Structure formats: structure tokens, C-alpha cells
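Asker: Please see the structure below; I have some questions.
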Amino acid sequence: MNAPDAPILVFDSGVGGLSVLAKVQKVLPTAPVIYSADYAGLPYGEKSEIEVATRVCAFLGRLSERYAPRLVVIACNTASTIALAHARAVLGVPIVGTVPAIKPAAEQTQSGVIGLLGTKATIRQAYVDRLESEHAKGKTLLRHAAPELVAAAEAKLRGEAPDPVIFANAIGGLTDQTGGDQIDQIILGCTHFPLVEQELAAAAAEAGLREDLAFVDGSDGIARRVANLTEGQPWPAKPSVGKFISTGPVEQIEPYRPALLRYNLTQIMSL
């Protein structure tokens, strides 16, 4: 049995995983949290599969040895689609991954046309092909790599205003494809992307997409899975101070501090 102060370790290449952490904190409000960001490796979506798998396993191995988490959440679609099986093979701790929410989007679509925004690495994975084959038969899945949304989300969390053209281009990458004007579900296939959902919704409205358009991500399902795997385990009576650990220098994280405080991540340190 885990001690009450055994943390949940949430991992991402940057701050995108905060969109997942927010949902986990809703279902487990007193859970101790260590959030880890591999800023030295950002962006993952531009890296090779071997490089991503190696970085993720090495980073999670070091963090697991140091902090003995009760559970790890890989809150990164790219890392999960590439390295989840590898990480589970080498770490002796439950691991919850993040994959594009193709199944719920396919269940909810009325038009039969679904858009998927992701990084270059995510949308080309065979794992995504399998999800499409298993859950979206008879549907049209249009994919578009929009890596610029990662930087836009990071900028927004620093308090900057991203260029609206970035969001218009991302939506246009879907609508310019055959059948794109009938999209009624857009899967946010990177945990950074829900952080700029409002901006994407404005761009979609400007592009004249359907009024019943919905954005879908996997964060609710991840939170439910985390709650399931930790059911019956003891937790602290009150929320504890959360740690934000980065492979980059602490100074690099300072602009994010106001945003991190909203997630009770008050201790910033470098690995």
C-alpha cells in the first residue's frame, strides 16, 4: 500500500500536460503531484521515434528512482504513441498514457467527418492507424500536423498573445482537405492544444465550420483511469505543495510561474 504522500508523476515535454493535470486534480483534489517537463527535449513532435523513446524512458527512470511515484501519467500524445510500451517494460509502476481521442470522436460525430490535429510524430504513428481502424470504421478521419500550436500554447501560458494566424492555419489545414467543411469533431491530439481551444474555436467559427462543431481530447478519460487505478489508496487530508521539475534551467520556467500556481505547482526546480 502506498503512503498518503506518494505522488502522482505527470510527464510532458512542456506545459501541455497541465490540461491533463487539471482533470486529475478535479477527481483527486488532495493528490500530491510532481509535474515534470523535458524542456531540454522540446518539441518531441520533431524528433525521431528512437530519440523520443530513449528520452522518455531515461527521464522517467530517473524521476521514479528519486520520487517513488504511485503512478505515472505520460501526458503527451507523442511520447505515449511512441514510448508507452517501452516505459511500461522498464518501470515498475502503473503508467497511464495519452492517445488521440478517436474513439469518443467517432461515437459523437453526426456528419461522419472527424479532424485530428497533432504533432508530425503523432499523426504518422501506426498506433493512430490502429485507433482509426478499430474505432472509426466508416468515418472519414482528416489529419493535419500543427506543431506551431505547441509554441502558441507555451506562449499563452507565459502570458503572451499568440498570433491568430497560427490558429487559422491549423483549422485551414483540416478544412482545405476534401470533406473538411463537414467536420463536426476536432480531436486535439496533443495535450498542449486544449490550452488554446478557445482560439481554435474562434478560428473554426471564422472559417465557417458547422455550428455543432466540438473539440475532443482524452483528458477526462485519463483522469477516470487514474482514479480507478488508485481507488482505495490513502491520500493526504489537504492538498500539498506541488513540484514542477524541468530538464531546462529554472530561469527558463520563471515566466510560467503565475500559470503554474493555478495548478498548485509552487516549487520549481531543475533535474
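Chain labels follow the order of the C-alpha cells: the first chain is A, the next B, and so on; residue numbering restarts at 1 in every chain, and ligands are counted from 1 in their shown order.
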Can you write out as a Markdown table which residues of region 57-112 of chain A fall within 12 Å of region 21-28 of chain A, alongside each residue's closest atom pair and its distance in Å to one decimal, counting only C-alpha atoms and ordering rows by chain and ascending residue number?
Answerer:
```
| residue | atom | partner | partner_atom | distance |
| --- | --- | --- | --- | --- |
| A:Val72 | CA | A:Leu21 | CA | 11.6 |
| A:Val73 | CA | A:Leu21 | CA | 9.0 |
| A:Ile74 | CA | A:Leu21 | CA | 10.6 |
| A:Ala75 | CA | A:Leu21 | CA | 8.2 |
| A:Cys76 | CA | A:Leu21 | CA | 11.4 |
| A:Val96 | CA | A:Val24 | CA | 11.7 |
| A:Thr98 | CA | A:Leu21 | CA | 12.0 |
```
Asker: Pick out the residues sitting within 7 Å of Ile268 (chain A), and hand them over as an NGL selection string; count only C-alpha atoms, and ignore anything fewer than 5 positions along from it in its own chain.
Answerer: :A and (243-245 or 250)
Asker: Go ahead and write the residues just picked, C-alpha atoms, as a PDB file, in the first residue's frame.
Answerer:
```pdb
ATOM      1  CA  LYS A 243       6.620  20.359  -7.651  1.00  0.00           C
ATOM      2  CA  PHE A 244       7.452  21.402 -11.223  1.00  0.00           C
ATOM      3  CA  ILE A 245      10.665  19.764 -12.410  1.00  0.00           C
ATOM      4  CA  VAL A 250      14.933  27.148 -13.534  1.00  0.00           C
TER       5      VAL A 250
END
```
Asker: Considering only C-alpha atoms, can you say which of A:Ala37, A:Ile102, A:Ala58, A:Leu71 comes closest to Ile187 (chain A)?
Answerer: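 Counting only C-alpha atoms, the residue closest to Ile187 (chain A) is A:Ile102.
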Asker: Which residues are near Asp212 (chain A)? Cut-off 10 Å, only C-alpha atoms, ignore same chain within fewer than 5 positions. Put them as a list of chain:residue names.
Answerer: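 What passes the distance filter is A:Thr109, A:Gln110, A:Ser111, A:Ile183, A:Asp184, A:Gln185.
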Asker: If we count only C-alpha atoms and set the cut-off at 10 Å, which residues sit around Pro104 (chain A), ignoring sequence neighbours fewer than 3 positions away in its own chain? Please answer as a ChimeraX atom specification.
Answerer: /A:100-101,107-109,135-136,185,187,216-218,221
Asker: Based on the selection just made, write N, CA, C and O atoms of those residues as a PDB file, in the first residue's frame.
Answerer:
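Saved to part-v2.pdb:
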```pdb
ATOM      1  N   PRO A 100      -4.677   9.964 -28.957  1.00  0.00           N
ATOM      2  CA  PRO A 100      -5.729  10.774 -29.595  1.00  0.00           C
ATOM      3  C   PRO A 100      -7.119  10.179 -29.373  1.00  0.00           C
ATOM      4  O   PRO A 100      -7.320   8.972 -29.496  1.00  0.00           O
ATOM      5  N   ALA A 101      -8.075  11.045 -29.057  1.00  0.00           N
ATOM      6  CA  ALA A 101      -9.420  10.606 -28.658  1.00  0.00           C
ATOM      7  C   ALA A 101     -10.279  10.264 -29.872  1.00  0.00           C
ATOM      8  O   ALA A 101     -11.366  10.822 -30.083  1.00  0.00           O
ATOM      9  N   GLU A 107     -17.717   8.186 -31.890  1.00  0.00           N
ATOM     10  CA  GLU A 107     -19.019   7.911 -31.283  1.00  0.00           C
ATOM     11  C   GLU A 107     -19.938   9.130 -31.333  1.00  0.00           C
ATOM     12  O   GLU A 107     -21.167   8.988 -31.394  1.00  0.00           O
ATOM     13  N   GLN A 108     -19.345  10.326 -31.318  1.00  0.00           N
ATOM     14  CA  GLN A 108     -20.144  11.541 -31.206  1.00  0.00           C
ATOM     15  C   GLN A 108     -20.437  12.206 -32.548  1.00  0.00           C
ATOM     16  O   GLN A 108     -21.356  13.022 -32.638  1.00  0.00           O
ATOM     17  N   THR A 109     -19.690  11.872 -33.591  1.00  0.00           N
ATOM     18  CA  THR A 109     -19.872  12.574 -34.862  1.00  0.00           C
ATOM     19  C   THR A 109     -21.246  12.302 -35.472  1.00  0.00           C
ATOM     20  O   THR A 109     -21.745  11.182 -35.448  1.00  0.00           O
ATOM     21  N   HIS A 135     -11.872   2.029 -34.267  1.00  0.00           N
ATOM     22  CA  HIS A 135     -12.962   2.840 -33.711  1.00  0.00           C
ATOM     23  C   HIS A 135     -13.652   3.769 -34.695  1.00  0.00           C
ATOM     24  O   HIS A 135     -14.706   4.325 -34.360  1.00  0.00           O
ATOM     25  N   ALA A 136     -13.088   3.949 -35.881  1.00  0.00           N
ATOM     26  CA  ALA A 136     -13.669   4.928 -36.803  1.00  0.00           C
ATOM     27  C   ALA A 136     -13.956   4.315 -38.181  1.00  0.00           C
ATOM     28  O   ALA A 136     -13.881   5.013 -39.200  1.00  0.00           O
ATOM     29  N   GLN A 185     -16.278  17.140 -35.438  1.00  0.00           N
ATOM     30  CA  GLN A 185     -15.471  16.794 -34.271  1.00  0.00           C
ATOM     31  C   GLN A 185     -14.012  17.065 -34.624  1.00  0.00           C
ATOM     32  O   GLN A 185     -13.533  16.585 -35.662  1.00  0.00           O
ATOM     33  N   ILE A 187     -10.344  16.444 -32.995  1.00  0.00           N
ATOM     34  CA  ILE A 187      -9.573  15.816 -31.918  1.00  0.00           C
ATOM     35  C   ILE A 187      -8.316  16.644 -31.675  1.00  0.00           C
ATOM     36  O   ILE A 187      -7.546  16.909 -32.604  1.00  0.00           O
ATOM     37  N   VAL A 216     -12.467  17.607 -28.992  1.00  0.00           N
ATOM     38  CA  VAL A 216     -12.406  16.414 -28.157  1.00  0.00           C
ATOM     39  C   VAL A 216     -10.956  16.144 -27.774  1.00  0.00           C
ATOM     40  O   VAL A 216     -10.053  16.230 -28.622  1.00  0.00           O
ATOM     41  N   ASP A 217     -10.723  15.841 -26.521  1.00  0.00           N
ATOM     42  CA  ASP A 217      -9.402  15.377 -26.094  1.00  0.00           C
ATOM     43  C   ASP A 217      -9.585  14.270 -25.066  1.00  0.00           C
ATOM     44  O   ASP A 217     -10.695  13.992 -24.633  1.00  0.00           O
ATOM     45  N   GLY A 218      -8.496  13.634 -24.683  1.00  0.00           N
ATOM     46  CA  GLY A 218      -8.595  12.444 -23.833  1.00  0.00           C
ATOM     47  C   GLY A 218      -8.435  12.682 -22.353  1.00  0.00           C
ATOM     48  O   GLY A 218      -8.346  11.718 -21.583  1.00  0.00           O
ATOM     49  N   GLY A 221     -10.914  10.954 -19.793  1.00  0.00           N
ATOM     50  CA  GLY A 221     -10.683   9.520 -19.695  1.00  0.00           C
ATOM     51  C   GLY A 221      -9.434   9.192 -18.900  1.00  0.00           C
ATOM     52  O   GLY A 221      -9.403   8.204 -18.145  1.00  0.00           O
TER      53      GLY A 221
END
```
Asker: Quick one: of A:Gly189, A:Gly172, A:Gly242, A:Gly232, who's nearest to Ala3 (chain A), counting only C-alpha atoms?
Answerer: A:Gly232
Asker: Work out how far apart CA of Ala31 (chain A) and CA of Arg225 (chain A) are and give it in Å to one decimal.
Answerer: 14.4 Å
